[in-house]
Structure formats: structure tokens, C-alpha cells
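Below: the structure, in C-alpha cells.
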There are 2 protein chains.
Amino acid sequence: MLEPRLKLWVEHRGKAVLGDGRVDLLRAVGETGSLTEAALRMGLSYRRAWGKIRDMERNLGAQLVQSEKGGNTRGSSRLTPRAEALVAQFDRFRKRMENDLGKEFKEVFNA
Amino acid sequence: MLEPRLKLWVEHRGKAVLGDGRVDLLRAVGETGSLTEAALRMGLSYRRAWGKIRDMERNLGAQLVQSEKGGNTRGSSRLTPRAEALVAQFDRFRKRMENDLGKEFKEVFNA
């Protein structure tokens, strides 16, 4: 049985800014309020997670994560409104495209 | 300016059988009538082109290319009817999905 597969991403001036892994990382920052926790959840080192976010910010030319150092407590991080909007938009975009994928495949391959 | 990107492929029992490069290789075989010429056009060695086709045939469980040895002349190759149908279907599928990509992106990202 043939099955269609799809990889989706968004570029800014030819550089990748949003894709499945990146959006999941942003979402994890938003949900945990901590870059350390988000990195753990994604199975990334802190350094690598931070590098990915800086890369996205640089390629997009906009801030995505705001971090504060907590006095005695661990620092906290949260998404900027722009990042929240991008995560929500990418999710919608992905769902719609997955839906289209099944529909178009069925029509074209009579599957 | 944000721009959407798409990679599309088709699997059979979890193994890739059709994708941009593979379909272009099949099309080149059909157009040139020669695996040697098709490999050249795709910038692949004969060995590598033949390997890709065998891999597709194995994963799909169907013959895609028929080759004949020509006496004094070079051997000729052509697509099986199944391969011709798959190339045409993948092309249609790709065009439709690229169209959907632009449409959905515009709607979701107000781009």
C-alpha cells in the first residue's frame, strides 16, 4: 500500500526559520516556562536548544524567547507574542497541509 | 518575507519508493530510452542510477525499467507501463500539493 509523506518548513530570505523540530522546541519553552526544561523534553542539550533558538531569531530578524535570571531560583524563559503567533500558525498550516496531502493523494493515486 | 517549502515523497511499507529525484530519474529513462543517458542527465554514475532504480523496484515490488542489450549498439531501456503511470501520477500529485502549499500558507500566515 502506497502512502504519502510530507516535510514542511518555512524560510525567511532562503534560510529555514520554522519546521517541525523548531516549532516543537518553541512550544516546549512556552509550556514549561524554562529553556532547560524545554531542552530536556526535546532530548537536546541546553547549549544546542539555545543555539537553535538564536539561529531562528537571527534568520527571522525577531526575538522569539525572552529569558530572565531568577535570583535564587532558576531562570525562566517565555515566548514573545511573535513566537506564540508563529507556533499557532505553523500548527494550523501543518494540519491543513496534512489534510490536503491525504486528499490529493487519494484523488491522484486512486488509493 | 516568509516562504513555505515542501518535500514530498511516497512510501511503500515504510520504505521510500517515489520522490523528486527518483521520479526525475525515471522520467529521464523514459525520455532518453537509455539508462546511460538518463544517468548522465541526472549527474549520476551509471552504477548509482541503476542502484536507485533497483532500490525502487525492490521497495515497490514491481518492475519499473525494462532493458535490452543491443547487439552492436548500446543497450536500450524503457519504462514499464506501471512506471509511466507512477511518474505521471507523482507529477500531478506534486503540482497539486505545491498549489495547496501556496494557498494554505497565504490563508494561515496572511502572507
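Labels for the C-alpha cells follow display order: chains A, B, ..., residues from 1 in each chain, ligands from 1.
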Kindly provide, as a PDB file with N, CA and C atoms, in the first residue's frame, the residues of chain B having any atom no farther than 12 Å from an atom of chain A, counting only C-alpha atoms.
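File written: out-v9.pdb
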ATOM      1  N   MET B   1      10.528  38.329   4.102  1.00  0.00           N
ATOM      2  CA  MET B   1       9.309  37.667   3.647  1.00  0.00           C
ATOM      3  C   MET B   1       9.373  36.160   3.873  1.00  0.00           C
ATOM      4  N   LEU B   2       8.382  35.647   4.560  1.00  0.00           N
ATOM      5  CA  LEU B   2       8.339  34.210   4.835  1.00  0.00           C
ATOM      6  C   LEU B   2       7.861  33.443   3.609  1.00  0.00           C
ATOM      7  N   GLU B   3       8.491  32.292   3.399  1.00  0.00           N
ATOM      8  CA  GLU B   3       8.081  31.457   2.264  1.00  0.00           C
ATOM      9  C   GLU B   3       8.014  29.990   2.663  1.00  0.00           C
ATOM     10  N   PRO B   4       6.954  29.316   2.235  1.00  0.00           N
ATOM     11  CA  PRO B   4       6.779  27.915   2.598  1.00  0.00           C
ATOM     12  C   PRO B   4       7.582  26.993   1.683  1.00  0.00           C
ATOM     13  N   ARG B   5       8.064  25.924   2.261  1.00  0.00           N
ATOM     14  CA  ARG B   5       8.786  24.910   1.499  1.00  0.00           C
ATOM     15  C   ARG B   5       8.197  23.532   1.784  1.00  0.00           C
ATOM     16  N   LEU B   6       8.336  22.658   0.798  1.00  0.00           N
ATOM     17  CA  LEU B   6       7.660  21.361   0.855  1.00  0.00           C
ATOM     18  C   LEU B   6       8.566  20.272   0.308  1.00  0.00           C
ATOM     19  N   LYS B   7       8.659  19.165   1.037  1.00  0.00           N
ATOM     20  CA  LYS B   7       9.286  17.990   0.444  1.00  0.00           C
ATOM     21  C   LYS B   7       8.252  16.876   0.478  1.00  0.00           C
ATOM     22  N   LEU B   8       8.140  16.190  -0.653  1.00  0.00           N
ATOM     23  CA  LEU B   8       7.063  15.219  -0.840  1.00  0.00           C
ATOM     24  C   LEU B   8       7.648  13.888  -1.272  1.00  0.00           C
ATOM     25  N   TRP B   9       7.195  12.805  -0.698  1.00  0.00           N
ATOM     26  CA  TRP B   9       7.605  11.507  -1.210  1.00  0.00           C
ATOM     27  C   TRP B   9       6.531  10.471  -0.915  1.00  0.00           C
ATOM     28  N   VAL B  10       6.695   9.293  -1.510  1.00  0.00           N
ATOM     29  CA  VAL B  10       5.713   8.225  -1.348  1.00  0.00           C
ATOM     30  C   VAL B  10       6.434   6.979  -0.854  1.00  0.00           C
ATOM     31  N   GLU B  11       5.861   6.363   0.165  1.00  0.00           N
ATOM     32  CA  GLU B  11       6.461   5.146   0.713  1.00  0.00           C
ATOM     33  C   GLU B  11       5.584   3.928   0.433  1.00  0.00           C
ATOM     34  N   HIS B  12       6.242   2.776   0.419  1.00  0.00           N
ATOM     35  CA  HIS B  12       5.520   1.511   0.349  1.00  0.00           C
ATOM     36  C   HIS B  12       6.028   0.656   1.504  1.00  0.00           C
ATOM     37  N   ARG B  13       5.137   0.322   2.424  1.00  0.00           N
ATOM     38  CA  ARG B  13       5.523  -0.405   3.629  1.00  0.00           C
ATOM     39  C   ARG B  13       6.684   0.255   4.354  1.00  0.00           C
ATOM     40  N   GLY B  14       6.595   1.567   4.479  1.00  0.00           N
ATOM     41  CA  GLY B  14       7.594   2.308   5.247  1.00  0.00           C
ATOM     42  C   GLY B  14       8.895   2.596   4.518  1.00  0.00           C
ATOM     43  N   LYS B  15       8.993   2.195   3.252  1.00  0.00           N
ATOM     44  CA  LYS B  15      10.215   2.485   2.506  1.00  0.00           C
ATOM     45  C   LYS B  15       9.932   3.424   1.342  1.00  0.00           C
ATOM     46  N   ALA B  16      10.823   4.409   1.162  1.00  0.00           N
ATOM     47  CA  ALA B  16      10.619   5.408   0.113  1.00  0.00           C
ATOM     48  C   ALA B  16      10.653   4.755  -1.266  1.00  0.00           C
ATOM     49  N   VAL B  17       9.626   5.000  -2.082  1.00  0.00           N
ATOM     50  CA  VAL B  17       9.651   4.490  -3.454  1.00  0.00           C
ATOM     51  C   VAL B  17       9.631   5.602  -4.496  1.00  0.00           C
ATOM     52  N   LEU B  18       8.999   6.718  -4.181  1.00  0.00           N
ATOM     53  CA  LEU B  18       8.960   7.824  -5.142  1.00  0.00           C
ATOM     54  C   LEU B  18       9.275   9.126  -4.430  1.00  0.00           C
ATOM     55  N   GLY B  19      10.084   9.955  -5.079  1.00  0.00           N
ATOM     56  CA  GLY B  19      10.384  11.289  -4.575  1.00  0.00           C
ATOM     57  C   GLY B  19      10.869  12.091  -5.770  1.00  0.00           C
ATOM     58  N   ASN B  59      11.576  -1.983  -3.311  1.00  0.00           N
ATOM     59  CA  ASN B  59      10.666  -1.428  -2.299  1.00  0.00           C
ATOM     60  C   ASN B  59       9.210  -1.458  -2.762  1.00  0.00           C
ATOM     61  N   LEU B  60       9.026  -1.326  -4.059  1.00  0.00           N
ATOM     62  CA  LEU B  60       7.670  -1.312  -4.600  1.00  0.00           C
ATOM     63  C   LEU B  60       7.170  -2.723  -4.906  1.00  0.00           C
ATOM     64  N   GLY B  61       8.106  -3.633  -5.149  1.00  0.00           N
ATOM     65  CA  GLY B  61       7.712  -4.987  -5.537  1.00  0.00           C
ATOM     66  C   GLY B  61       7.179  -5.035  -6.953  1.00  0.00           C
ATOM     67  N   ALA B  85       2.896   5.271 -15.426  1.00  0.00           N
ATOM     68  CA  ALA B  85       1.740   5.741 -14.658  1.00  0.00           C
ATOM     69  C   ALA B  85       2.203   6.430 -13.378  1.00  0.00           C
ATOM     70  N   LEU B  86       3.182   5.866 -12.690  1.00  0.00           N
ATOM     71  CA  LEU B  86       3.648   6.444 -11.429  1.00  0.00           C
ATOM     72  C   LEU B  86       4.285   7.820 -11.636  1.00  0.00           C
ATOM     73  N   VAL B  87       5.062   7.972 -12.707  1.00  0.00           N
ATOM     74  CA  VAL B  87       5.684   9.271 -12.999  1.00  0.00           C
ATOM     75  C   VAL B  87       4.590  10.319 -13.230  1.00  0.00           C
ATOM     76  N   ALA B  88       3.608   9.967 -14.030  1.00  0.00           N
ATOM     77  CA  ALA B  88       2.527  10.916 -14.319  1.00  0.00           C
ATOM     78  C   ALA B  88       1.748  11.249 -13.046  1.00  0.00           C
ATOM     79  N   GLN B  89       1.484  10.231 -12.233  1.00  0.00           N
ATOM     80  CA  GLN B  89       0.731  10.465 -11.001  1.00  0.00           C
ATOM     81  C   GLN B  89       1.519  11.331 -10.027  1.00  0.00           C
ATOM     82  N   PHE B  90       2.804  11.043  -9.880  1.00  0.00           N
ATOM     83  CA  PHE B  90       3.603  11.823  -8.937  1.00  0.00           C
ATOM     84  C   PHE B  90       3.668  13.288  -9.384  1.00  0.00           C
ATOM     85  N   ASP B  91       3.803  13.493 -10.689  1.00  0.00           N
ATOM     86  CA  ASP B  91       3.831  14.871 -11.214  1.00  0.00           C
ATOM     87  C   ASP B  91       2.547  15.629 -10.882  1.00  0.00           C
ATOM     88  N   ARG B  92       1.420  14.968 -11.097  1.00  0.00           N
ATOM     89  CA  ARG B  92       0.136  15.614 -10.799  1.00  0.00           C
ATOM     90  C   ARG B  92       0.028  15.901  -9.303  1.00  0.00           C
ATOM     91  N   PHE B  93       0.412  14.900  -8.516  1.00  0.00           N
ATOM     92  CA  PHE B  93       0.361  14.998  -7.057  1.00  0.00           C
ATOM     93  C   PHE B  93       1.222  16.180  -6.589  1.00  0.00           C
ATOM     94  N   ARG B  94       2.431  16.274  -7.121  1.00  0.00           N
ATOM     95  CA  ARG B  94       3.358  17.342  -6.749  1.00  0.00           C
ATOM     96  C   ARG B  94       2.786  18.715  -7.105  1.00  0.00           C
ATOM     97  N   LYS B  95       2.254  18.830  -8.311  1.00  0.00           N
ATOM     98  CA  LYS B  95       1.693  20.119  -8.740  1.00  0.00           C
ATOM     99  C   LYS B  95       0.534  20.542  -7.850  1.00  0.00           C
ATOM    100  N   ARG B  96      -0.349  19.603  -7.554  1.00  0.00           N
ATOM    101  CA  ARG B  96      -1.487  19.926  -6.699  1.00  0.00           C
ATOM    102  C   ARG B  96      -1.021  20.339  -5.305  1.00  0.00           C
ATOM    103  N   MET B  97      -0.047  19.613  -4.774  1.00  0.00           N
ATOM    104  CA  MET B  97       0.416  19.936  -3.423  1.00  0.00           C
ATOM    105  C   MET B  97       1.130  21.284  -3.389  1.00  0.00           C
ATOM    106  N   GLU B  98       1.869  21.617  -4.442  1.00  0.00           N
ATOM    107  CA  GLU B  98       2.528  22.926  -4.473  1.00  0.00           C
ATOM    108  C   GLU B  98       1.502  24.045  -4.533  1.00  0.00           C
ATOM    109  N   ASN B  99       0.437  23.789  -5.250  1.00  0.00           N
ATOM    110  CA  ASN B  99      -0.649  24.744  -5.318  1.00  0.00           C
ATOM    111  C   ASN B  99      -1.312  24.921  -3.941  1.00  0.00           C
ATOM    112  N   ASP B 100      -1.578  23.787  -3.281  1.00  0.00           N
ATOM    113  CA  ASP B 100      -2.159  23.832  -1.932  1.00  0.00           C
ATOM    114  C   ASP B 100      -1.221  24.562  -0.975  1.00  0.00           C
ATOM    115  N   LEU B 101       0.070  24.311  -1.120  1.00  0.00           N
ATOM    116  CA  LEU B 101       1.065  24.920  -0.231  1.00  0.00           C
ATOM    117  C   LEU B 101       0.943  26.445  -0.241  1.00  0.00           C
ATOM    118  N   GLY B 102       0.916  27.012  -1.425  1.00  0.00           N
ATOM    119  CA  GLY B 102       0.816  28.462  -1.537  1.00  0.00           C
ATOM    120  C   GLY B 102      -0.497  28.984  -0.970  1.00  0.00           C
ATOM    121  N   LYS B 103      -1.566  28.253  -1.261  1.00  0.00           N
ATOM    122  CA  LYS B 103      -2.899  28.675  -0.831  1.00  0.00           C
ATOM    123  C   LYS B 103      -3.030  28.634   0.699  1.00  0.00           C
ATOM    124  N   GLU B 104      -2.645  27.524   1.289  1.00  0.00           N
ATOM    125  CA  GLU B 104      -2.774  27.362   2.746  1.00  0.00           C
ATOM    126  C   GLU B 104      -1.860  28.336   3.482  1.00  0.00           C
ATOM    127  N   PHE B 105      -0.667  28.521   2.942  1.00  0.00           N
ATOM    128  CA  PHE B 105       0.270  29.428   3.604  1.00  0.00           C
ATOM    129  C   PHE B 105      -0.290  30.847   3.644  1.00  0.00           C
ATOM    130  N   LYS B 106      -0.817  31.265   2.514  1.00  0.00           N
ATOM    131  CA  LYS B 106      -1.397  32.599   2.403  1.00  0.00           C
ATOM    132  C   LYS B 106      -2.539  32.769   3.412  1.00  0.00           C
ATOM    133  N   GLU B 107      -3.386  31.738   3.485  1.00  0.00           N
ATOM    134  CA  GLU B 107      -4.529  31.841   4.390  1.00  0.00           C
ATOM    135  C   GLU B 107      -4.109  31.882   5.851  1.00  0.00           C
ATOM    136  N   VAL B 108      -3.147  31.037   6.206  1.00  0.00           N
ATOM    137  CA  VAL B 108      -2.786  30.913   7.617  1.00  0.00           C
ATOM    138  C   VAL B 108      -1.866  32.042   8.082  1.00  0.00           C
ATOM    139  N   PHE B 109      -0.902  32.399   7.231  1.00  0.00           N
ATOM    140  CA  PHE B 109       0.068  33.414   7.637  1.00  0.00           C
ATOM    141  C   PHE B 109      -0.293  34.819   7.135  1.00  0.00           C
ATOM    142  N   ASN B 110      -1.448  34.945   6.504  1.00  0.00           N
ATOM    143  CA  ASN B 110      -1.849  36.244   5.924  1.00  0.00           C
ATOM    144  C   ASN B 110      -0.723  36.834   5.087  1.00  0.00           C
ATOM    145  N   ALA B 111      -0.032  35.960   4.386  1.00  0.00           N
ATOM    146  CA  ALA B 111       1.164  36.413   3.651  1.00  0.00           C
ATOM    147  C   ALA B 111       0.782  36.939   2.273  1.00  0.00           C
TER     148      ALA B 111
END
Just the strand (DSSP E) stuff from range 36-83 of chain A, please, per backbone DSSP, written as a PyMOL selection string. chain A and resi 65-68+76-79
Might you pull out every residue within 8 Å of Ser34 in chain B, with only C-alpha atoms counted and same-chain residues fewer than 4 positions away left off, and present them as a ChimeraX atom specification? /B:29-30,38,75-78
Hey, can you check how far CA of Lys52 in chain B sits from CA of Arg22 in chain B?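 Separation between CA of Lys52 in chain B and CA of Arg22 in chain B: 7.3 Å.
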Option closest in space to Glu84 in chain B, from B:Tyr46, B:Leu35, B:Gly21, B:Ala28 [counting only C-alpha atoms]: B:Ala28
Taking the DSSP assignment computed from this structure's backbone, write out as a PyMOL selection string all residues of chain A that belong to alpha helix (DSSP H). chain A and resi 20-32+35-42+46-60+81-109
Length of the CA of Ala62 in chain A to CA of Gly43 in chain A vector [Å]: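 Computing the Euclidean distance for CA of Ala62 in chain A and CA of Gly43 in chain A yields 25.3 Å.
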